[in-house]
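Here is the structure we will look at, set down as structure tokens.
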Amino acid sequence: MTDHDKDQQNRAEEFLQVFKKGAEFTHDLLKENERLRYQNLEIEQQLQHLHASSAGAPSEELLKKIEKLEMEKKEILGRIKHVEAENIDFANRYVEIENENNMLANLYIASYQLHSTLDFKEVLQVILEIVINLIGAEEFSILLLDEKTNRLQAVASEGLENKEIPTFELGEGIIGRMAKTGENYFIDELEGYERDFHHPVVCIPLKIKEHVIGVIVIYKLLVQKEKFNDVDYELFTLLAGHAATAIFSSKLYTESERKLNTIQGFIDLMTK
Amino acid sequence: MSTYNVLVVEDSPTMRQLIVFALKRVRGLNIVEANDGVDGLKKISTEKFDLILTDINMPIMDGLKLVSLVRNDPNYKDVPIVIITTEGANEDKERAMAIGANDYITKPIQTIKIIEVARRLLNI
């Protein structure tokens, strides 16, 4: 055997040794791998078991709880909606009641003031105040019917002079017709209206039962008064009756006072 | 409960009665009435008021004169004053506010408005 052959044999043995070690190492690796796979399987099984045992039953309970809470939330939201609707309803009713109250207060005070005096001039003044302050008129007049001439003549005015206003024949034109029929007149369109003594904005006959003693005619409203409200129509109705009786009674009283004074003067003259 | 003194200056008895009627619906108000600006000033000189409501168009002394005189009084420089009037033009309102009024109510009168303004200015 040559040196070369010996060298070759040594190298072959070395290689064989290395190969054997490699084989052993691979064998060890395969064993380790098997052990780890087994462990992994065990962990997975444990996890599955844990998942099944920890998440299964309580999640159902939780779902039920969530469902219950959702229902409660829905019910509460429904109640809130209902309460809100009731609140709006109450607020609307409050405004309505306040308006009614306002209307009743106005009517009560107007009526109280109309019957607070028997002086003819004071009664006319009260009517003027009611029409200015409660209705909001700027130019208007009270016309009374002279039963001898059958003509309506201005006796008190605001924003106008009595002498400016013409007299009206009973039954003629809007004012005369309203005085004859006893019906209220309201102009159709306030916007763009220009004063015309024969075509007022409003004409309200003053009536004692069905007997008309005069009219209130309005020619101009205050700048801030854009339209008539419910309370205005109520006030017009009140004025139609109460103002008429107040005017009639005060006129009678003033006349009787004057007659009484004349008689008293005559008696005094006779007895002195 | 506090009591607030309120002065109503208005020449029309109908209007005055209506304002007083509205104010009586607010609890804790002691209401004093005056027929015109001069009568109002007399009452202001003898009594302290927490709120003054006044008309503009009045005989003897009008509401604007009353407001300017009241504002010159150091005791009344912060007392709220409300104008109640038929004058609805913006320039009328501006003039009244410039003199020292705190609020401006136009006629025809709404009792709700009077109550709301009184409550607001008196913080009740």
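Residues in the structure tokens are numbered from 1 in each chain, the chains being A, B, ... in the order shown, and ligands are numbered from 1 in the order shown.
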Practice task
Quick one: everything within 12 Å of Val20 in chain B, counting only C-alpha atoms, minus sequence neighbours fewer than 6 positions away in the same chain. Send it as an NGL selection string.
Solution key: (:A and (105-106 or 109)) or (:B and (6-10 or 13-14 or 26 or 29-34 or 53-54 or 111 or 114-115 or 118))
Practice task
Compute the chain B side of the contact with chain A at 6 Å, counting only C-alpha atoms, and hand it back as a ChimeraX atom specification.
Solution key: /B:88,107-108,111
Secondary structure check, strand (DSSP E) residues of range 65-143 of chain A, as a short mmCIF file (atom, residue, chain, number, x, y, z; two decimals) with all heavy atoms, in the first residue's frame:
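The result, stored in selection_9.cif:
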data_model
loop_
_atom_site.label_atom_id
_atom_site.label_comp_id
_atom_site.auth_asym_id
_atom_site.auth_seq_id
_atom_site.Cartn_x
_atom_site.Cartn_y
_atom_site.Cartn_z
N ALA A 137 -105.24 100.02 16.39
CA ALA A 137 -105.61 100.88 15.27
C ALA A 137 -105.01 102.26 15.44
O ALA A 137 -104.84 102.74 16.56
CB ALA A 137 -107.13 100.97 15.17
N GLU A 138 -104.67 102.89 14.31
CA GLU A 138 -104.05 104.22 14.38
C GLU A 138 -105.02 105.31 13.94
O GLU A 138 -105.03 106.39 14.50
CB GLU A 138 -102.80 104.23 13.48
CG GLU A 138 -101.92 105.43 13.72
CD GLU A 138 -100.62 105.36 12.94
OE1 GLU A 138 -100.18 104.26 12.57
OE2 GLU A 138 -100.04 106.43 12.69
N GLU A 139 -105.81 105.01 12.91
CA GLU A 139 -106.80 105.98 12.43
C GLU A 139 -108.16 105.32 12.41
O GLU A 139 -108.35 104.33 11.68
CB GLU A 139 -106.43 106.46 11.02
CG GLU A 139 -105.20 107.35 10.99
CD GLU A 139 -104.82 107.78 9.58
OE1 GLU A 139 -105.51 107.38 8.61
OE2 GLU A 139 -103.81 108.49 9.44
N PHE A 140 -109.08 105.85 13.20
CA PHE A 140 -110.43 105.25 13.23
C PHE A 140 -111.42 106.25 13.81
O PHE A 140 -111.02 107.28 14.35
CB PHE A 140 -110.44 103.96 14.04
CG PHE A 140 -110.03 104.13 15.48
CD1 PHE A 140 -110.99 104.29 16.47
CD2 PHE A 140 -108.71 104.14 15.85
CE1 PHE A 140 -110.63 104.44 17.80
CE2 PHE A 140 -108.33 104.32 17.17
CZ PHE A 140 -109.28 104.46 18.15
N SER A 141 -112.69 105.90 13.69
CA SER A 141 -113.72 106.81 14.16
C SER A 141 -114.95 106.06 14.68
O SER A 141 -115.21 104.93 14.26
CB SER A 141 -114.13 107.70 12.97
OG SER A 141 -114.99 108.71 13.42
N ILE A 142 -115.64 106.72 15.62
CA ILE A 142 -116.92 106.16 16.11
C ILE A 142 -118.01 107.02 15.49
O ILE A 142 -118.02 108.24 15.67
CB ILE A 142 -117.00 106.23 17.65
CG1 ILE A 142 -115.81 105.51 18.29
CG2 ILE A 142 -118.34 105.65 18.14
CD1 ILE A 142 -115.64 105.82 19.78
N LEU A 143 -118.89 106.38 14.75
CA LEU A 143 -119.99 107.10 14.10
C LEU A 143 -121.30 106.66 14.74
O LEU A 143 -121.52 105.45 14.93
CB LEU A 143 -120.05 106.80 12.60
CG LEU A 143 -118.97 107.43 11.71
CD1 LEU A 143 -117.71 106.59 11.74
CD2 LEU A 143 -119.47 107.56 10.29
#
Problem - Secondary structure check, helix (DSSP H, G or I) residues of range 64-216 of chain A, as number ranges by chain - result: A: 64-114, 120-135, 162-164, 173-181
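Using only C-alpha atoms, the smallest distance between any of B:Lys42, B:Lys48, B:Lys93, B:Arg16 and Leu64 in chain B comes from B:Lys93.
When only C-alpha atoms are used to compute distances to Tyr4 in chain B, the closest of the residues B:Leu122, B:Ile56, B:Val79, B:Ile84 turns out to be B:Leu122.
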Considering only C-alpha atoms, give me a table of residues in range 34-125 of chain A that are at most 10 Å from range 244-263 of chain A, with the closest atom pair and distance in Å for each, as a tab-separated table.
residue	atom	partner	partner_atom	distance
A:Ser111	CA	A:Ala246	CA	9.5
A:Gln113	CA	A:Ala246	CA	9.8
A:Leu114	CA	A:Ala246	CA	6.2
A:His115	CA	A:Ala246	CA	6.1
A:Ser116	CA	A:Ala246	CA	9.1
A:Thr117	CA	A:Ser250	CA	7.7
A:Leu118	CA	A:Ser250	CA	4.5
A:Asp119	CA	A:Ser250	CA	5.4
A:Phe120	CA	A:Ser250	CA	4.8
A:Lys121	CA	A:Ser250	CA	8.5
A:Glu122	CA	A:Ser250	CA	9.0
A:Val123	CA	A:Ile247	CA	6.4
A:Leu124	CA	A:Ile247	CA	7.3
Written selection (N, CA and C atoms) as a PDB file, in the first residue's frame:
ATOM      1  N   SER A 111    -114.342  95.274  28.956  1.00  0.00           N
ATOM      2  CA  SER A 111    -115.717  95.289  29.440  1.00  0.00           C
ATOM      3  C   SER A 111    -115.824  96.108  30.735  1.00  0.00           C
ATOM      4  N   GLN A 113    -113.878  98.513  31.805  1.00  0.00           N
ATOM      5  CA  GLN A 113    -113.689  99.939  31.546  1.00  0.00           C
ATOM      6  C   GLN A 113    -114.909 100.559  30.863  1.00  0.00           C
ATOM      7  N   LEU A 114    -115.514  99.794  29.944  1.00  0.00           N
ATOM      8  CA  LEU A 114    -116.679 100.321  29.226  1.00  0.00           C
ATOM      9  C   LEU A 114    -117.832 100.642  30.172  1.00  0.00           C
ATOM     10  N   HIS A 115    -117.955  99.827  31.224  1.00  0.00           N
ATOM     11  CA  HIS A 115    -119.092 100.025  32.143  1.00  0.00           C
ATOM     12  C   HIS A 115    -118.672 100.722  33.434  1.00  0.00           C
ATOM     13  N   SER A 116    -117.480 101.345  33.401  1.00  0.00           N
ATOM     14  CA  SER A 116    -116.992 101.991  34.622  1.00  0.00           C
ATOM     15  C   SER A 116    -117.497 103.435  34.752  1.00  0.00           C
ATOM     16  N   THR A 117    -118.166 103.934  33.738  1.00  0.00           N
ATOM     17  CA  THR A 117    -118.645 105.329  33.789  1.00  0.00           C
ATOM     18  C   THR A 117    -119.996 105.481  33.080  1.00  0.00           C
ATOM     19  N   LEU A 118    -120.699 106.540  33.463  1.00  0.00           N
ATOM     20  CA  LEU A 118    -121.960 106.845  32.779  1.00  0.00           C
ATOM     21  C   LEU A 118    -121.845 108.174  32.033  1.00  0.00           C
ATOM     22  N   ASP A 119    -120.609 108.670  31.977  1.00  0.00           N
ATOM     23  CA  ASP A 119    -120.367 109.917  31.254  1.00  0.00           C
ATOM     24  C   ASP A 119    -120.136 109.590  29.774  1.00  0.00           C
ATOM     25  N   PHE A 120    -120.947 110.201  28.920  1.00  0.00           N
ATOM     26  CA  PHE A 120    -120.916 109.891  27.488  1.00  0.00           C
ATOM     27  C   PHE A 120    -119.517 110.091  26.883  1.00  0.00           C
ATOM     28  N   LYS A 121    -118.881 111.226  27.233  1.00  0.00           N
ATOM     29  CA  LYS A 121    -117.557 111.511  26.666  1.00  0.00           C
ATOM     30  C   LYS A 121    -116.516 110.506  27.165  1.00  0.00           C
ATOM     31  N   GLU A 122    -116.655 110.135  28.429  1.00  0.00           N
ATOM     32  CA  GLU A 122    -115.702 109.152  28.996  1.00  0.00           C
ATOM     33  C   GLU A 122    -115.872 107.784  28.326  1.00  0.00           C
ATOM     34  N   VAL A 123    -117.120 107.429  28.055  1.00  0.00           N
ATOM     35  CA  VAL A 123    -117.370 106.140  27.376  1.00  0.00           C
ATOM     36  C   VAL A 123    -116.702 106.146  25.995  1.00  0.00           C
ATOM     37  N   LEU A 124    -116.873 107.275  25.284  1.00  0.00           N
ATOM     38  CA  LEU A 124    -116.242 107.372  23.952  1.00  0.00           C
ATOM     39  C   LEU A 124    -114.717 107.254  24.079  1.00  0.00           C
TER      40      LEU A 124
END
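Between Ile19 in chain B and the candidates B:Ile52, B:Ala89, B:Leu69, B:Val38, the tightest atom-to-atom separation, counting only C-alpha atoms, involves B:Ile52.
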Exercise for the section: Excluding Asp36 in chain B and residues on its chain fewer than 6 positions from it, collect all residues at most 7 Å away from it, counting only C-alpha atoms, and give them as a PyMOL selection string. Expected result: chain B and resi 9-11+58-61
Exercise for the section: Please indicate the distance in Å from CA of Thr86 in chain B to CA of Asp62 in chain B, rounded to one decimal place. Expected result: 13.2 Å
Practice task
Write out as JSON, numbers by chain the residues lying within 9 Å of Gly28 in chain B, counting only C-alpha atoms and excluding same-chain residues fewer than 4 positions away.
Solution key: {"B": [1, 2, 3, 4, 5, 24]}
